[in-house]
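Okay, query-v7.txt now, which holds compact mmCIF, C-alpha atoms:
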```
# COMPACT_ATOMS: atom_id res chain seq x y z
CA MET A 49 35.21 -53.52 5.92
CA PHE A 50 31.55 -54.37 6.40
CA THR A 51 30.52 -51.23 4.54
CA GLN A 52 32.70 -52.23 1.59
CA LEU A 53 31.35 -55.78 1.69
CA ALA A 54 27.76 -54.52 1.75
CA THR A 55 28.43 -52.14 -1.15
CA ILE A 56 29.98 -54.86 -3.32
CA ALA A 57 27.16 -57.29 -2.48
CA HIS A 58 24.46 -54.68 -3.21
CA ASN A 59 25.98 -53.68 -6.54
CA THR A 60 26.38 -57.33 -7.50
CA PHE A 61 22.78 -58.07 -6.61
CA THR A 62 21.58 -55.14 -8.70
CA GLU A 63 23.68 -56.17 -11.69
CA SER A 64 22.53 -59.78 -11.36
CA ILE A 65 18.81 -59.07 -11.55
CA ARG A 66 19.38 -56.63 -14.41
CA GLN A 67 20.64 -59.40 -16.67
CA PRO A 68 18.00 -60.47 -19.21
CA ILE A 69 19.04 -64.13 -18.81
CA PHE A 70 18.08 -63.89 -15.14
CA VAL A 71 14.45 -63.04 -15.93
CA VAL A 72 14.36 -65.50 -18.83
CA LEU A 73 15.41 -68.39 -16.58
CA VAL A 74 12.90 -67.40 -13.89
CA LEU A 75 10.11 -67.26 -16.48
CA LEU A 76 11.19 -70.59 -17.99
CA GLY A 77 11.14 -72.19 -14.56
CA SER A 78 7.72 -70.71 -13.81
CA LEU A 79 6.40 -71.93 -17.16
CA ALA A 80 7.70 -75.42 -16.40
CA MET A 81 5.82 -75.29 -13.08
CA VAL A 82 2.62 -74.48 -14.94
CA ILE A 83 3.15 -77.37 -17.36
CA ASN A 84 4.19 -79.93 -14.69
CA PRO A 85 0.63 -80.72 -13.46
CA GLN A 86 -0.31 -81.74 -17.00
CA LEU A 87 2.83 -83.85 -17.45
CA ALA A 88 2.38 -85.55 -14.07
CA ALA A 89 -1.15 -86.73 -14.82
CA TYR A 90 -0.15 -90.01 -16.45
CA THR A 91 1.21 -92.14 -13.60
CA MET A 92 -0.48 -95.32 -12.43
CA GLU A 93 -0.18 -94.32 -8.77
CA ASP A 94 -0.11 -90.90 -7.07
CA ASP A 95 0.27 -88.16 -9.69
CA ASN A 96 0.95 -85.51 -7.06
CA LYS A 97 4.11 -87.29 -5.91
CA LEU A 98 5.47 -87.03 -9.43
CA LEU A 99 4.41 -83.37 -9.48
CA ILE A 100 6.51 -82.68 -6.39
CA ASP A 101 9.48 -84.58 -7.82
CA MET A 102 9.29 -82.69 -11.11
CA GLY A 103 8.87 -79.35 -9.36
CA LEU A 104 11.92 -79.84 -7.14
CA SER A 105 13.95 -81.06 -10.12
CA THR A 106 12.95 -77.97 -12.11
CA ILE A 107 14.01 -75.63 -9.33
CA PHE A 108 17.29 -77.48 -8.83
CA LEU A 109 18.15 -77.33 -12.54
CA ILE A 110 17.12 -73.68 -12.95
CA GLY A 111 19.18 -72.87 -9.85
CA LEU A 112 22.20 -74.47 -11.51
CA PHE A 113 21.85 -72.37 -14.67
CA LEU A 114 21.16 -69.21 -12.67
CA ALA A 115 24.34 -69.75 -10.67
CA ALA A 116 26.48 -70.28 -13.77
CA PHE A 117 25.05 -67.50 -15.94
CA THR A 118 24.79 -64.94 -13.14
CA ALA A 119 28.31 -65.56 -11.86
CA THR A 120 29.85 -65.17 -15.30
CA GLY A 121 27.62 -62.19 -16.07
CA VAL A 122 28.80 -60.14 -13.10
CA PHE A 123 32.21 -61.63 -12.35
CA SER A 124 34.14 -62.97 -15.34
CA LYS A 125 32.80 -60.26 -17.67
CA GLU A 126 33.82 -57.63 -15.14
CA ILE A 127 37.33 -59.07 -15.23
CA GLU A 128 37.33 -59.20 -19.03
CA ASN A 129 36.12 -55.59 -19.27
CA LYS A 130 38.75 -54.52 -16.70
CA THR A 131 36.07 -52.75 -14.62
CA VAL A 132 37.25 -54.81 -11.64
CA LEU A 133 40.30 -52.54 -11.53
CA THR A 134 38.17 -49.69 -10.19
CA VAL A 135 37.49 -51.79 -7.10
CA VAL A 136 40.68 -53.74 -6.41
CA SER A 137 42.81 -50.64 -7.05
CA LYS A 138 41.15 -49.10 -4.01
CA PRO A 139 41.83 -50.38 -0.47
CA VAL A 140 39.56 -53.40 -1.04
CA GLY A 141 41.14 -56.80 -0.55
CA ARG A 142 40.57 -59.46 -3.16
CA PRO A 143 39.14 -61.91 -0.60
CA LEU A 144 36.58 -59.27 0.38
CA PHE A 145 35.77 -58.70 -3.29
CA VAL A 146 35.15 -62.43 -3.92
CA ILE A 147 33.03 -62.83 -0.80
CA GLY A 148 30.99 -59.73 -1.65
CA LYS A 149 30.40 -61.04 -5.17
CA TYR A 150 29.27 -64.39 -3.78
CA ILE A 151 26.86 -62.76 -1.34
CA GLY A 152 25.37 -60.52 -4.04
CA ILE A 153 24.95 -63.38 -6.52
CA SER A 154 23.47 -65.59 -3.79
CA ALA A 155 20.99 -62.85 -2.89
CA ALA A 156 19.84 -62.59 -6.51
CA ILE A 157 19.51 -66.36 -6.79
CA SER A 158 17.60 -66.36 -3.50
CA ALA A 159 15.04 -64.01 -5.05
CA ALA A 160 14.65 -66.28 -8.08
CA PHE A 161 14.47 -69.37 -5.85
CA PHE A 162 11.74 -67.73 -3.77
CA LEU A 163 9.67 -66.98 -6.88
CA LEU A 164 10.03 -70.55 -8.18
CA SER A 165 9.17 -71.92 -4.75
CA ILE A 166 5.93 -69.93 -4.75
CA ALA A 167 5.13 -71.30 -8.20
CA LEU A 168 5.72 -74.85 -6.93
CA ALA A 169 3.57 -74.25 -3.85
CA LEU A 170 0.74 -72.95 -6.03
CA THR A 171 0.87 -76.04 -8.26
CA ILE A 172 0.86 -78.30 -5.20
CA ARG A 173 -2.20 -76.47 -3.89
CA HIS A 174 -3.88 -76.84 -7.31
CA ARG A 175 -3.03 -80.58 -7.47
CA VAL A 176 -2.94 -82.74 -10.57
CA MET A 177 -6.26 -83.10 -12.38
CA SER A 178 -6.24 -86.88 -12.79
CA THR A 179 -9.93 -87.34 -13.66
CA ALA A 180 -12.59 -85.46 -15.57
CA SER A 181 -14.43 -84.79 -12.31
CA ASP A 182 -11.54 -82.69 -10.93
CA HIS A 183 -12.07 -78.94 -10.99
CA PHE A 184 -9.67 -76.09 -11.60
CA ASP A 185 -8.47 -74.23 -8.51
CA MET A 186 -9.56 -70.79 -9.68
CA PRO A 187 -8.03 -68.79 -6.77
CA VAL A 188 -4.63 -70.26 -7.65
CA ILE A 189 -5.04 -69.59 -11.37
CA LEU A 190 -6.47 -66.08 -11.13
CA LEU A 191 -4.24 -64.82 -8.31
CA GLY A 192 -1.08 -66.45 -9.64
CA PHE A 193 -1.45 -65.27 -13.23
CA GLY A 194 -2.96 -61.96 -12.08
CA GLY A 195 0.09 -61.20 -9.94
CA ALA A 196 2.44 -61.97 -12.81
CA LEU A 197 0.42 -59.82 -15.21
CA LEU A 198 0.36 -56.90 -12.76
CA ALA A 199 4.13 -57.13 -12.32
CA LEU A 200 4.56 -57.13 -16.10
CA ILE A 201 2.39 -54.03 -16.49
CA VAL A 202 4.12 -52.09 -13.70
CA ALA A 203 7.62 -52.99 -14.96
CA THR A 204 6.69 -52.04 -18.53
CA MET A 205 5.32 -48.67 -17.42
CA ALA A 206 8.39 -48.02 -15.25
CA ASN A 207 10.62 -48.78 -18.23
CA TYR A 208 8.61 -46.65 -20.67
CA LEU A 209 7.88 -43.66 -18.41
CA TYR A 210 10.94 -43.50 -16.17
CA GLY A 211 13.60 -45.43 -18.08
CA ARG A 212 13.97 -48.10 -15.38
CA VAL A 213 15.66 -51.35 -16.38
CA PHE A 214 12.86 -53.74 -17.25
CA SER A 215 14.43 -56.97 -15.97
CA SER A 216 15.22 -55.66 -12.48
CA SER A 217 11.90 -53.80 -12.20
CA PHE A 218 9.98 -56.89 -13.26
CA THR A 219 11.86 -59.07 -10.75
CA VAL A 220 11.16 -56.72 -7.85
CA CYS A 221 7.51 -56.28 -8.82
CA LEU A 222 7.11 -60.03 -9.23
CA LEU A 223 8.50 -60.62 -5.75
CA VAL A 224 5.85 -58.32 -4.31
CA THR A 225 2.86 -59.43 -6.38
CA GLN A 226 3.54 -63.17 -6.11
CA THR A 227 4.09 -62.95 -2.37
CA VAL A 228 0.74 -61.20 -1.98
CA ALA A 229 -0.91 -63.70 -4.35
CA PHE A 230 0.40 -66.68 -2.37
CA ALA A 231 -0.66 -65.09 0.92
CA LEU A 232 -4.19 -64.63 -0.45
CA VAL A 233 -4.25 -68.23 -1.72
CA LEU A 234 -3.45 -69.41 1.80
CA LEU A 235 -6.48 -67.48 3.07
CA ILE A 236 -8.93 -68.69 0.39
CA ASP A 237 -9.96 -72.26 -0.36
CA LYS A 238 -10.89 -73.64 -3.77
CA LYS A 239 -14.48 -72.43 -3.39
CA TRP A 240 -13.47 -68.88 -2.45
CA ASN A 241 -14.26 -69.37 1.24
CA LEU A 242 -12.00 -67.95 3.93
CA GLN A 243 -9.76 -70.43 5.72
CA SER A 244 -6.89 -70.47 8.20
CA PRO A 245 -3.51 -69.76 6.57
CA VAL A 246 -2.09 -72.93 8.16
CA THR A 247 -4.67 -75.18 6.49
CA GLU A 248 -2.61 -75.71 3.35
CA PHE A 249 0.41 -76.70 5.43
CA THR A 250 -1.47 -79.35 7.40
CA GLU A 251 -3.57 -80.93 4.64
CA HIS A 252 -2.47 -84.15 2.93
CA SER A 253 -0.43 -85.19 5.99
CA GLY A 254 1.54 -81.95 6.02
CA GLU A 255 2.81 -82.45 2.49
CA LEU A 256 3.37 -78.76 1.77
CA THR A 257 5.27 -78.33 5.03
CA GLN A 258 7.65 -81.11 4.06
CA VAL A 259 8.06 -79.56 0.62
CA VAL A 260 9.03 -76.23 2.22
CA VAL A 261 11.64 -78.02 4.34
CA GLY A 262 12.83 -79.87 1.24
CA LEU A 263 13.14 -76.59 -0.63
CA GLY A 264 15.44 -75.42 2.15
CA LEU A 265 17.74 -78.36 1.40
CA VAL A 266 17.66 -77.75 -2.35
CA PHE A 267 18.41 -74.07 -1.76
CA GLN A 268 21.56 -74.98 0.14
CA ALA A 269 22.66 -77.19 -2.75
CA VAL A 270 22.16 -74.21 -5.09
CA LEU A 271 24.32 -72.07 -2.78
CA VAL A 272 27.07 -74.68 -3.03
CA LEU A 273 26.80 -74.65 -6.84
CA THR A 274 26.89 -70.84 -6.72
CA GLY A 275 30.22 -71.08 -4.92
CA VAL A 276 31.48 -73.40 -7.67
CA ALA A 277 30.31 -70.92 -10.32
CA VAL A 278 32.05 -68.02 -8.59
CA ALA A 279 35.27 -70.02 -8.24
CA ALA A 280 35.19 -71.01 -11.92
CA SER A 281 34.38 -67.45 -13.01
CA THR A 282 37.56 -66.11 -11.43
CA ARG A 283 39.56 -67.83 -14.19
CA LEU A 284 37.18 -68.98 -16.92
CA GLY A 285 34.52 -67.63 -19.25
CA GLN A 286 30.84 -68.38 -19.48
CA VAL A 287 30.96 -71.61 -21.49
CA MET A 288 33.63 -73.28 -19.38
CA THR A 289 31.99 -72.11 -16.15
CA LEU A 290 28.69 -73.59 -17.28
CA LEU A 291 30.38 -76.88 -18.20
CA ILE A 292 32.16 -77.09 -14.85
CA CYS A 293 28.97 -76.33 -12.92
CA PHE A 294 27.04 -78.90 -14.90
CA GLY A 295 29.83 -81.45 -14.39
CA VAL A 296 29.86 -80.84 -10.63
CA PHE A 297 26.06 -81.10 -10.66
CA LEU A 298 26.09 -84.51 -12.38
CA LEU A 299 29.04 -85.90 -10.41
CA GLY A 300 27.60 -84.57 -7.16
CA LEU A 301 24.38 -86.48 -7.74
CA ALA A 302 26.20 -89.66 -8.82
CA SER A 303 29.26 -89.69 -6.53
CA ASN A 304 27.51 -91.40 -3.63
CA SER A 305 26.18 -94.16 -5.89
CA LEU A 306 29.61 -94.63 -7.47
CA SER A 307 31.25 -94.97 -4.07
CA GLN A 308 28.63 -97.46 -2.89
CA MET A 309 29.10 -99.48 -6.09
CA VAL A 310 32.83 -99.78 -5.39
CA ASN A 311 32.15 -100.77 -1.77
CA MET A 312 29.69 -103.43 -2.87
CA ARG A 313 31.93 -104.97 -5.53
CA LEU A 314 35.00 -105.10 -3.31
CA SER A 315 33.14 -105.79 -0.02
CA ILE A 316 34.48 -102.59 1.57
CA PRO A 317 32.57 -101.80 4.80
CA ALA A 318 30.44 -98.63 4.75
CA GLY A 319 32.11 -95.71 6.47
CA THR A 320 35.64 -96.73 5.47
CA ASP A 321 37.78 -93.64 4.90
CA TYR A 322 39.35 -92.75 1.56
CA TYR A 323 42.85 -94.01 2.25
CA GLN A 324 41.68 -97.37 3.57
CA SER A 325 39.34 -97.70 0.59
CA LEU A 326 42.20 -96.84 -1.77
CA SER A 327 44.39 -99.44 -0.09
CA ALA A 328 41.64 -102.06 -0.48
CA ILE A 329 41.32 -101.19 -4.16
CA MET A 330 45.08 -101.43 -4.75
CA HIS A 331 45.31 -104.84 -3.05
CA ALA A 332 42.17 -106.24 -4.70
CA ASP A 333 42.57 -109.08 -7.21
CA ILE A 334 41.18 -107.12 -10.16
CA ALA A 335 42.48 -105.73 -13.44
CA ILE A 336 44.56 -102.54 -13.43
CA TYR A 337 41.98 -100.59 -15.41
CA GLN A 338 39.38 -101.49 -12.78
CA LYS A 339 41.67 -100.22 -10.03
CA VAL A 340 42.00 -96.93 -11.91
CA ILE A 341 38.21 -96.61 -12.36
CA TYR A 342 37.44 -97.51 -8.75
CA SER A 343 40.11 -95.14 -7.43
CA ALA A 344 38.71 -92.34 -9.60
CA ALA A 345 35.20 -93.05 -8.26
CA LYS A 346 36.46 -92.76 -4.68
CA LEU A 347 38.39 -89.58 -5.51
CA ILE A 348 35.28 -88.01 -7.03
CA TYR A 349 33.31 -88.96 -3.92
CA MET A 350 35.92 -87.26 -1.71
CA LEU A 351 36.39 -84.06 -3.72
CA VAL A 352 33.00 -83.30 -5.27
CA PRO A 353 30.15 -82.02 -3.05
CA ASN A 354 27.69 -84.84 -2.45
CA LEU A 355 24.50 -83.24 -3.77
CA GLN A 356 22.51 -86.37 -2.99
CA PHE A 357 22.50 -85.20 0.65
CA PHE A 358 20.40 -82.22 -0.39
CA TRP A 359 17.84 -84.11 -2.48
CA PRO A 360 14.54 -84.37 -0.52
CA ALA A 361 12.13 -85.67 -3.16
CA ASP A 362 12.54 -89.35 -2.27
CA ALA A 363 11.82 -88.71 1.42
CA ILE A 364 8.82 -86.50 0.66
CA THR A 365 7.19 -88.82 -1.87
CA GLN A 366 7.72 -91.85 0.39
CA GLY A 367 6.19 -90.07 3.39
CA THR A 368 9.43 -90.00 5.40
CA PRO A 369 9.63 -86.76 7.43
CA ILE A 370 12.74 -84.60 7.15
CA THR A 371 13.77 -84.14 10.77
CA ALA A 372 15.36 -81.05 12.30
CA GLY A 373 18.48 -83.09 13.09
CA LEU A 374 18.91 -84.14 9.48
CA PHE A 375 18.30 -80.59 8.27
CA GLY A 376 20.91 -79.27 10.70
CA MET A 377 23.52 -81.85 9.64
CA VAL A 378 22.99 -81.08 5.97
CA SER A 379 23.17 -77.34 6.69
CA GLY A 380 26.50 -77.80 8.45
CA TYR A 381 27.80 -79.82 5.51
CA ALA A 382 26.65 -77.10 3.08
CA ALA A 383 28.32 -74.37 5.15
CA LEU A 384 31.64 -76.25 5.18
CA GLN A 385 31.41 -76.84 1.44
CA VAL A 386 30.73 -73.16 0.73
CA VAL A 387 33.64 -72.05 2.94
CA ALA A 388 36.00 -74.50 1.24
CA ILE A 389 34.89 -73.54 -2.26
CA LEU A 390 35.16 -69.80 -1.52
CA ALA A 391 38.67 -70.40 -0.17
CA ILE A 392 39.54 -71.98 -3.52
CA ALA A 393 37.90 -69.04 -5.33
CA ILE A 394 39.95 -66.54 -3.32
CA ALA A 395 43.16 -68.49 -4.02
CA LEU A 396 42.38 -68.56 -7.75
CA PHE A 397 41.59 -64.83 -7.87
CA GLN A 398 44.47 -63.73 -5.64
CA ASN A 399 47.07 -63.92 -8.41
CA ARG A 400 44.72 -63.28 -11.33
CA GLU A 401 45.99 -60.55 -13.62
CA VAL A 402 43.17 -58.01 -14.03
CA GLY A 403 45.11 -55.11 -15.47
```
This entry written out as structure tokens:
Amino acid sequence: MFTQLATIAHNTFTESIRQPIFVVLVLLGSLAMVINPQLAAYTMEDDNKLLIDMGLSTIFLIGLFLAAFTATGVFSKEIENKTVLTVVSKPVGRPLFVIGKYIGISAAISAAFFLLSIALALTIRHRVMSTASDHFDMPVILLGFGGALLALIVATMANYLYGRVFSSSFTVCLLVTQTVAFALVLLIDKKWNLQSPVTEFTEHSGELTQVVVGLGLVFQAVLVLTGVAVAASTRLGQVMTLLICFGVFLLGLASNSLSQMVNMRLSIPAGTDYYQSLSAIMHADIAIYQKVIYSAAKLIYMLVPNLQFFWPADAITQGTPITAGLFGMVSGYAALQVVAILAIAIALFQNREVG
């Protein structure tokens, strides 16, 4: 069973990074990271806080699109092309097939997330140039762009000389070159002097360390959205999957605020469960249409993953440390969400006609 699971996951990972849209989204996210320091230079307070907020938002949004496009590219299209029959006709259970697909897609998204995280870390090291007296961080610029250029050259040569798929070759090369580039940046300060690799993680009150922890939270949110994309792809095409993922993304960010709004307007104590809240709404002296809206808000809060739990930018920019206890609680919540969503995906795919 584990051999079959590993084979499905490996093939899915390979197909995911071969998709041109995969590389396009990674490059778009990286380009946005390069532009963010210029866009963040117009605040009246700390420009670097806005830089962090924009960087995390970029990664979160790119992760959403990667999940939707990758899932439909390797799952729903495989169903439409009937190639899934070559797998499920063998002694491979459909639950195993769905789980293997999820693992493979998640692995591909993990690679993209890692690349975007390096790009964010490099921009944080460079900092926003708020005044004319600020200088470019040349190690960041030369090593970052140099690594990307080297990956482009190697992938192009591999495609031209050996017929390798450009998108997958470029992704793998970029993982290697950008990792080396970031490691060298950690060892070199802005004036090209050697420094301890932990210096960047301790400067500015450990800002980069908190960003790394925050990226761990955002990554878990992307894994939850990946589960949603896989579940939607078992029945729907690319457009509908993208719409559902984007809807879950928006509702997941707003559901907590909607629930708190209902609690505030009806004086419902915080922590009240769904059924007690619903009872309070039904017995409230308000119009019927308001009861419907408030009940829908509570239902959304109960059913849709609360993505606000995973959002670390507010804590980081306000100097509030993300504790290990909080990280562990959010991780447990993410794991339960992924298990529940994959169970739905398996149920949806179990009776899907693929012949």
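In this model, the gap between atom CA of A:Ala116 and atom CA of A:Cys293 comes to 6.6 Å.
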Which of A:Ile65, A:Gln258, A:Ala169, A:Leu232 sits closest to A:Gln366 [using all atoms listed in the file] |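 Of all the options, A:Gln258 lies closest to A:Gln366.
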Option closest in space to A:Ala391, from A:Thr289, A:Phe214, A:Phe358, A:Val146 [counting all atoms listed in the file] = A:Val146
Rounded to one decimal place, report the atom CA of A:Tyr322-atom CA of A:Leu351 distance in Å.
-> 10.6 Å
Restricting the calculation to only C-alpha atoms, which member of A:Gly300, A:Gly148, A:Pro68, A:Gly262 is positioned closest to A:Phe123?
->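 Smallest separation from A:Phe123 among the options: A:Gly148.
The closest residue to A:Ile236, picked from A:Leu191, A:Leu144, A:Ala344, A:Leu197 and counting only C-alpha atoms, is A:Leu191.
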Can you tell me, as a count of residues only, what residues are no more than 12 Å from A:Leu99 when counting all atoms listed in the file, ignoring any on the same chain fewer than 4 positions away?
-> 34
Between atom CA of A:Leu355 and atom CA of A:Ile107, what is the distance, to one decimal in Å?
->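 Atom-to-atom, atom CA of A:Leu355 to atom CA of A:Ile107, that is 14.1 Å.
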Looking at A:Val261, A:Leu326, A:Ala115, A:Val287, which one is nearest to A:Ser379, with distances taken over only C-alpha atoms?
-> A:Val261
Which residues, protein or nucleic acid, reach to within 12 Å of (15.0, -61.7, -16.7) in the file's coordinates when using all atoms listed in the file, and can you give that as a PyMOL selection string?
-> chain A and resi 63-78+114+117-118+156-157+159-160+200+203+213-220+222
So, counting all atoms listed in the file, which residue among A:Leu53, A:Leu291, A:Ala231, A:Ile201 is closest to A:Pro143?
-> A:Leu53
Listed atoms of stretch 347-358 of chain A, axis-aligned box, 3 Å per side: centre and edge lengths to one decimal in Å, as JSON?
```
{"center_x": 29.4, "center_y": -85.8, "center_z": -3.2, "size_x": 24.0, "size_y": 13.6, "size_z": 13.7}
```
For the point (26.3, -75.2, -15.8) in file coordinates, what residues are within 12 Å, counting all atoms listed in the file? Give the answer as a PyMOL selection string?
-> chain A and resi 108-120+270+273-274+276-278+280-281+285-298
Name all residues at most 12 Å from A:Thr320 (count all atoms listed in the file; drop same-chain ones fewer than 3 positions away) and give them as a PDB file with C-alpha atoms, in the frame of the given file.
```pdb
ATOM      1  CA  SER A 307      31.250 -94.970  -4.070  1.00  0.00           C
ATOM      2  CA  GLN A 308      28.630 -97.460  -2.890  1.00  0.00           C
ATOM      3  CA  VAL A 310      32.830 -99.780  -5.390  1.00  0.00           C
ATOM      4  CA  ASN A 311      32.150-100.770  -1.770  1.00  0.00           C
ATOM      5  CA  SER A 315      33.140-105.790  -0.020  1.00  0.00           C
ATOM      6  CA  ILE A 316      34.480-102.590   1.570  1.00  0.00           C
ATOM      7  CA  PRO A 317      32.570-101.800   4.800  1.00  0.00           C
ATOM      8  CA  TYR A 323      42.850 -94.010   2.250  1.00  0.00           C
ATOM      9  CA  GLN A 324      41.680 -97.370   3.570  1.00  0.00           C
ATOM     10  CA  SER A 325      39.340 -97.700   0.590  1.00  0.00           C
ATOM     11  CA  LEU A 326      42.200 -96.840  -1.770  1.00  0.00           C
ATOM     12  CA  SER A 327      44.390 -99.440  -0.090  1.00  0.00           C
ATOM     13  CA  ALA A 328      41.640-102.060  -0.480  1.00  0.00           C
ATOM     14  CA  LYS A 346      36.460 -92.760  -4.680  1.00  0.00           C
ATOM     15  CA  MET A 350      35.920 -87.260  -1.710  1.00  0.00           C
TER      16      MET A 350
END
```
Residue rebuild result stretch 380-394 of chain A, N, CA and C atoms as a PDB file, keeping the file's coordinate frame:
```pdb
ATOM      1  N   GLY A 380      25.089 -77.881   8.070  1.00  0.00           N
ATOM      2  CA  GLY A 380      26.500 -77.800   8.450  1.00  0.00           C
ATOM      3  C   GLY A 380      27.415 -78.252   7.330  1.00  0.00           C
ATOM      4  N   TYR A 381      27.019 -79.325   6.656  1.00  0.00           N
ATOM      5  CA  TYR A 381      27.800 -79.820   5.510  1.00  0.00           C
ATOM      6  C   TYR A 381      27.850 -78.771   4.408  1.00  0.00           C
ATOM      7  N   ALA A 382      26.704 -78.137   4.121  1.00  0.00           N
ATOM      8  CA  ALA A 382      26.650 -77.100   3.080  1.00  0.00           C
ATOM      9  C   ALA A 382      27.536 -75.913   3.451  1.00  0.00           C
ATOM     10  N   ALA A 383      27.508 -75.509   4.721  1.00  0.00           N
ATOM     11  CA  ALA A 383      28.320 -74.370   5.150  1.00  0.00           C
ATOM     12  C   ALA A 383      29.811 -74.667   4.976  1.00  0.00           C
ATOM     13  N   LEU A 384      30.238 -75.875   5.344  1.00  0.00           N
ATOM     14  CA  LEU A 384      31.640 -76.250   5.180  1.00  0.00           C
ATOM     15  C   LEU A 384      32.034 -76.284   3.708  1.00  0.00           C
ATOM     16  N   GLN A 385      31.129 -76.785   2.865  1.00  0.00           N
ATOM     17  CA  GLN A 385      31.410 -76.840   1.440  1.00  0.00           C
ATOM     18  C   GLN A 385      31.563 -75.436   0.862  1.00  0.00           C
ATOM     19  N   VAL A 386      30.668 -74.526   1.242  1.00  0.00           N
ATOM     20  CA  VAL A 386      30.730 -73.160   0.730  1.00  0.00           C
ATOM     21  C   VAL A 386      32.025 -72.474   1.170  1.00  0.00           C
ATOM     22  N   VAL A 387      32.397 -72.651   2.436  1.00  0.00           N
ATOM     23  CA  VAL A 387      33.640 -72.050   2.940  1.00  0.00           C
ATOM     24  C   VAL A 387      34.846 -72.584   2.168  1.00  0.00           C
ATOM     25  N   ALA A 388      34.872 -73.898   1.958  1.00  0.00           N
ATOM     26  CA  ALA A 388      36.000 -74.500   1.240  1.00  0.00           C
ATOM     27  C   ALA A 388      36.064 -74.014  -0.207  1.00  0.00           C
ATOM     28  N   ILE A 389      34.917 -73.955  -0.858  1.00  0.00           N
ATOM     29  CA  ILE A 389      34.890 -73.540  -2.260  1.00  0.00           C
ATOM     30  C   ILE A 389      35.268 -72.060  -2.395  1.00  0.00           C
ATOM     31  N   LEU A 390      34.792 -71.217  -1.473  1.00  0.00           N
ATOM     32  CA  LEU A 390      35.160 -69.800  -1.520  1.00  0.00           C
ATOM     33  C   LEU A 390      36.650 -69.615  -1.242  1.00  0.00           C
ATOM     34  N   ALA A 391      37.222 -70.465  -0.401  1.00  0.00           N
ATOM     35  CA  ALA A 391      38.670 -70.400  -0.170  1.00  0.00           C
ATOM     36  C   ALA A 391      39.422 -70.696  -1.464  1.00  0.00           C
ATOM     37  N   ILE A 392      38.934 -71.672  -2.216  1.00  0.00           N
ATOM     38  CA  ILE A 392      39.540 -71.980  -3.520  1.00  0.00           C
ATOM     39  C   ILE A 392      39.367 -70.792  -4.471  1.00  0.00           C
ATOM     40  N   ALA A 393      38.157 -70.192  -4.454  1.00  0.00           N
ATOM     41  CA  ALA A 393      37.900 -69.040  -5.330  1.00  0.00           C
ATOM     42  C   ALA A 393      38.839 -67.886  -5.010  1.00  0.00           C
ATOM     43  N   ILE A 394      39.056 -67.631  -3.727  1.00  0.00           N
ATOM     44  CA  ILE A 394      39.950 -66.540  -3.320  1.00  0.00           C
ATOM     45  C   ILE A 394      41.386 -66.835  -3.767  1.00  0.00           C
TER      46      ILE A 394
END
```
